[in-house]
Every structure is written in structure tokens, then in C-alpha cells.
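Chemist: Below is one structure. I have some questions about it.
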Amino acid sequence: MRNFKPVGRFGLAALLAVIAALSACGGGAPRGMPGGGFTPQVTVITLKSEPVTLTRELPGQTDPHLVAEVRPQVSGIVKQRLFTEGSLVTAGQPLYELDDRLYRAQYNSSRAALQRAQATLAAAQLTAARSAELVKIDAVSAQDNDNAVAALGQAQADVASAQAAVDSSATSLEYARILAPISGRIGKSTVTPGALVTANQTNALATIQQLDPIYVDVSQSSRDWVQLRQEIVDGRVKSSGSEAPVKILLIDGSPYDQEGKLQFAEVTVDPTTGSYQLRALVPNPNGLLLPGMYVRAVLNEGVLGQGVLAPQQGITRDPQGNATALVVGKDNKVESRTVAVSRTVGNQWLVDSGLASGDRLIVEGLQKVQPGMTVTAVEAPPAATVAADPQHAAGAGTADAKAAAAGAAH
């Protein structure tokens with residue numbers, strides 16, 4: 001306090017003059033605020049009603065189109081494996097060869113029995129033919145002729161039985177070469193040469209899976225299904241049909257280059273989850289999709305005749321969690337709207353209520369305006385929004401900074 005010097009009359013007058021000059025330069029209320037002379041500029045998008053394709057993204061898992069477990073139909077020792085594990089095989093391709101010596105011997109024995117039966121049949125035919133001529137002249141009795149005819153019938157039956165035995169032994173001999181039942185990619189072999197296998201055993205020798213095309217099974221909430229069906233019944237949504245297109249997103253979020261088709265919807269709802277299964281058939285020519293992979297399927301549910309889409313950056317949430325939006329009215333004054341949105345379509349919200357066609361939705365400059373303020377609305381470039389156009393967003397930010405700097409300098 002000993003260094004304090006009182007201000008004289010002339011110093012106090014000079015200080016008051018500086019304060020008055022600064023107040024005059026300020027011009028009252030700050031620029032950009034109500035009562036000031038600066039009108040904020042905002043970027044808007046004029047909403048319009050248009051047909052909207054409704055899609056839904058659901059988690060799914062891939063499943064082979066066909067699966068066949070290779071099992072032996074006869075017993076024997078594995079002589080050799082005729083395929084490469086993990087390779088592509090075709091239907092009818094030999095996979096395993098069993099030791100067939102026993103089955104070949106049975107086949108040869110049955111063929112010999114057939115030849116013997118055929119020889120007996122030939123003799124019976126000659127005897128029956130002679131007997132038929134002799135009975136006409138009473139050279140043989142009717143009883144002998146009947147016996148000859150009966151012997152012929154028995155010989156024919158013996159030939160048929162022998163032929164069936166030949167067919168059975170030939171089938172067993174063929175089963176000693178195990179063939180691929182379907183075309184596809186074969187997995188690892190569970191047996192090696194020298195192993196004993198038995199007919200219709202529990203363990204499969206190998207598994208073949210057909211992966212082109214491939215199934216994608218997804219689960220959808222029954223509540224969403226009921227809502228969609230109600231919209232279709234009310235005429236708001238036009239159904240896409242039973243074979244709606246399906247787009248696949250890989251586990252890393254990248255799109256799969258092949259489009260599938262919806263095959264069928266399960267008729268039973270899982271009581272534990274409240275969902276039901278949908279199955280899509282997807283081409284897989286390059287083998288990128290493997291069984292058991294987790295993917296996401298984007299299903300085309302239908303077309304909404306007239307829908308309003310709002311950019312996501314124009315929709316905010318209030319402290320209560322309600323969706324709100326700021327629009328510019330006809331008198332260029334900001335209005336606050338409480339909106340209801342149901343789903344996203346790309347990077348936009350599908351609006352159920354609160355916004356209508358023709359509303360000018362503010363998508364840039366939300367932080368500097370309040371309801372009731374008069375603003376200058378600038379339409380956003382076509383097919384671009386602030387979030388989708390970084391250069392536009394950066395330019396707008398620079399303009400705001402320049403305007404603020406100019407106001408401060410003034």
C-alpha cells in the first residue's frame with residue numbers, strides 16, 4: 001500500500017474517455033446474438049418425400065449348400081486313399097479303395113452259379129419242347145409233359161435267382177471302391193491305408209461340402225416382422241417378394257461382391273429368443289465364404305411409397321433422449337421440432353413424424369443458433385451434406401472464423 005499513488009483528476013478523465021470510446025465501438029449487444037446486428041448463416045437441406053427402399057441389417061452365419069459324410073457300405077481294409085485332402089472333388093470320383101479279393105471271389109462264384117442255372121434252363125427248354133410234341137401223338141403221358149413244363153419253370157426261377165446273386169455280389173464289389181456322392185471340397189481323412197472299416201460305421205471317413213453357392217442363415221425379430229407385415233397390409237410398404245435381393249457384409253465390414261437371394265423364412269419362432277430364421281442363397285465362386293463364418297446380411301424388405309429421409313447430422317437428442325431437429329421457417333426463424341425416427345437408410349434417418357416434405361432442416365451451424373432466432377439459410381450442395389463433404393465443412397468453419405475475427409476487430 002505504500003507504493004499506491006492516487007489518480008489525479010486529469011488521469012481519471014482520460015480513463016473514462018477510453019471506456020466510453022470502447023463502448024461506442026461495441027455498439028451494444030454482441031454481434032450474432034439477439035438484439036445485435038449480425039444474422040447467423042446456417043446450411044440447410046430441403047427435405048422431400050420420395051420412394052424409399054427399406055433394408056434391414058441382420059447378423060448371420062454361413063452354412064454349406066450341400067454336405068455329405070463319406071461312409072463305407074461294405075467292410076474291409078483300406079488299400080489306398082485316392083484324393084488330396086482339402087481339394088475339390090466331383091460326384092462319382094473314387095476316394096478310397098478297399099481290399100476287394102473276398103468280394104471278387106463271391107462275384108465269380110455267383111457268375112458260375114448263374115452259368116450253371118442257364119445250362120439247366122437250356123436243357124429244360126429242350127425237354128419241354130420235345131414233350132409238347134410227343135404228347136400230341138400220345139407218345140408220352142400227360143403227367144410226363146406236366147413234369148417237363150414244371151422243370152422248365154423251376155429252371156427259369158433258378159436263373160433269375162442266380163442273376164440276383166450276381167447283381168448283389170457285383171454291387172458289393174463296386175462298394176469296395178468308395179466314390180464321392182456329391183461335388184465339393186473334401187476335408188481331412190479320418191483313416192489311413194491299412195485301417196479296418198465296417199459297413200455303415202458311425203465315424204465318417206471324410207466330409208464333402210458344396211460351397212458354391214452357399215447359404216447364409218440370419219435371425220430376425222418377430223416384432224420387426226409383425227410391424228413390416230402390418231405396413232404391407234396398410235399399403236404403406238410394397239413387399240419385395242419371396243426372392244428379395246440380399247447383400248452380404250464381411251466380418252470386417254467390407255461388402256461382398258456377390259448378391260444373394262432370399263430363399264425362405266422359417267415358419268416357427270424360437271420361444272427363447274423371439275426370433276425366426278431366414279435363409280439366403282449366395283454365389284461363392286471364389287470360395288471366399290467358408291462354412292461357419294459370421295457375416296451381416298442386408299435384406300431388402302420392401303419399398304415405402306412416400307418417405308422422408310433426414311441427414312443424421314441434422315437430428316440430435318435432448319437430455320430426455322428424444323430426437324429433435326432445428327428447421328428454418330418461412331420467416332427465416334429457427335423452429336425446434338420433436339421428431340420420431342424408426343431406422344437408418346444409409347447415412348440418413350427415416351422420419352416417421354415431426355418433419356415433412358419441404359421443411360428446411362439445419363445441418364450446419366446448429367451450435368450458433370437457438371429457436372426464435374432469425375437466420376440466413378444457405379442450401380447445401382446437391383447430393384452432399386456437411387458430414388459427407390469434408391471440404392465443404394472445412395470451408396464453412398473458415399468462414400465462421402473469419403466472421404468472428406472481423407466482429408472482434410470492429
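Quick note on naming: the chains in the C-alpha cells go A, B, ... in the order shown, residues restart at 1 in each chain, and ligands are numbered from 1 in order of appearance.
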Apply DSSP to the backbone of this structure and, from stretch 153-298 of chain A, keep only the residues in helix (DSSP H, G or I); write these as a PyMOL selection string.
Modeler: chain A and resi 153-175+222-234
Chemist: Within 7 Å of stretch 112-114 of chain A, counting only C-alpha atoms, which residues show up once you throw out same-chain ones fewer than 3 positions away? Write them as a short mmCIF file (atom, residue, chain, number, x, y, z; two decimals) with C-alpha atoms, in the first residue's frame, please.
Modeler:
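Contents of around-v4.cif, freshly written:
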```cif
data_model
loop_
_atom_site.label_atom_id
_atom_site.label_comp_id
_atom_site.auth_asym_id
_atom_site.auth_seq_id
_atom_site.Cartn_x
_atom_site.Cartn_y
_atom_site.Cartn_z
CA ASN A 108 -17.00 -115.01 -59.60
CA SER A 109 -18.82 -117.73 -57.63
CA ALA A 117 -28.54 -122.34 -63.91
CA GLN A 118 -28.59 -121.12 -67.51
CA VAL A 159 -31.65 -118.46 -63.44
CA ALA A 162 -28.60 -116.69 -59.78
CA GLN A 163 -28.80 -113.41 -61.67
#
```
Chemist: Mind checking which residues fall within 6 Å of stretch 259-276 of chain A, counting only C-alpha atoms, ignoring those fewer than 3 positions away in the same chain, and posting them as a list in words?
Modeler: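 The residues satisfying every condition are Ser219, Gln220, Ser221, Ser222, Glu243, Ala244, Pro245, Val246, Lys247, Arg279, Ala280, Leu281 and Val282 of chain A.
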Chemist: Would you put the residues from that selection into a file with C-alpha atoms, as a short mmCIF file (atom, residue, chain, number, x, y, z; two decimals), in the first residue's frame?
Modeler:
```
data_model
loop_
_atom_site.label_atom_id
_atom_site.label_comp_id
_atom_site.auth_asym_id
_atom_site.auth_seq_id
_atom_site.Cartn_x
_atom_site.Cartn_y
_atom_site.Cartn_z
CA SER A 219 -32.24 -64.31 -37.44
CA GLN A 220 -34.89 -61.59 -37.45
CA SER A 221 -37.04 -60.37 -34.59
CA SER A 222 -40.64 -61.48 -34.85
CA GLU A 243 -36.83 -63.83 -53.57
CA ALA A 244 -35.74 -60.41 -52.36
CA PRO A 245 -32.09 -59.46 -53.02
CA VAL A 246 -29.65 -59.83 -50.14
CA LYS A 247 -26.31 -58.03 -49.79
CA ARG A 279 -32.07 -68.25 -45.34
CA ALA A 280 -30.37 -66.61 -48.32
CA LEU A 281 -28.56 -68.35 -51.17
CA VAL A 282 -25.35 -66.51 -52.12
#
```
Chemist: If you measure from atom CA of A:Val363 to atom CA of A:Thr338, what distance in Å do you get, rounded to one decimal?
Modeler: 15.6 Å
Chemist: Have a look at atom CA of A:Val308 and atom CA of A:Asp359 and let me know their distance in Å, one decimal.
Modeler: 10.2 Å
Chemist: Point out the residue among A:Thr120, A:Ser168, A:Ser254, A:Asn147 with the least atom-to-atom distance to A:Val295, counting only C-alpha atoms.
Modeler: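 The shortest atom-to-atom distance to A:Val295 comes from A:Ser254.
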Chemist: Would you pick out the contacts of A:Val351 at 7 Å or less, using only C-alpha atoms, so that residues sharing its chain but fewer than 4 positions from it are not included, and give the list as a PyMOL selection string?
Modeler: chain A and resi 308-310+340-342+355
Chemist: Using only C-alpha atoms, please write the residues we just selected to a file, as an mmCIF file, in the first residue's frame.
Modeler:
```
data_model
loop_
_atom_site.group_PDB
_atom_site.id
_atom_site.type_symbol
_atom_site.label_atom_id
_atom_site.label_comp_id
_atom_site.auth_asym_id
_atom_site.auth_seq_id
_atom_site.Cartn_x
_atom_site.Cartn_y
_atom_site.Cartn_z
ATOM 1 C CA VAL A 308 -38.883 -38.563 -45.730
ATOM 2 C CA LEU A 309 -35.147 -39.030 -45.169
ATOM 3 C CA ALA A 310 -33.213 -36.655 -42.910
ATOM 4 C CA ALA A 340 -39.713 -39.742 -34.397
ATOM 5 C CA VAL A 341 -37.301 -41.853 -36.427
ATOM 6 C CA SER A 342 -37.559 -45.606 -36.968
ATOM 7 C CA LEU A 355 -40.684 -33.434 -40.257
#
```
Chemist: Based on DSSP run over this structure's backbone, return all residues of stretch 53-219 of chain A in strand (DSSP E), as an MDAnalysis selection string.
Modeler: chainID A and resid 53:70 76:81 88:89 94:98 177:179 184:186 196:197 206:219
Chemist: So, counting only C-alpha atoms, which residue among A:Gln115, A:Val67, A:Ile182, A:Ala128 is closest to A:Ala142?
Modeler: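 The answer is A:Ala128, which sits nearest to A:Ala142.
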Chemist: Mind giving me the straight-line distance from atom CA of A:Gln210 to atom CA of A:Glu85 in Å, one decimal?
Modeler: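 Atom CA of A:Glu85 lies 14.8 Å from atom CA of A:Gln210.
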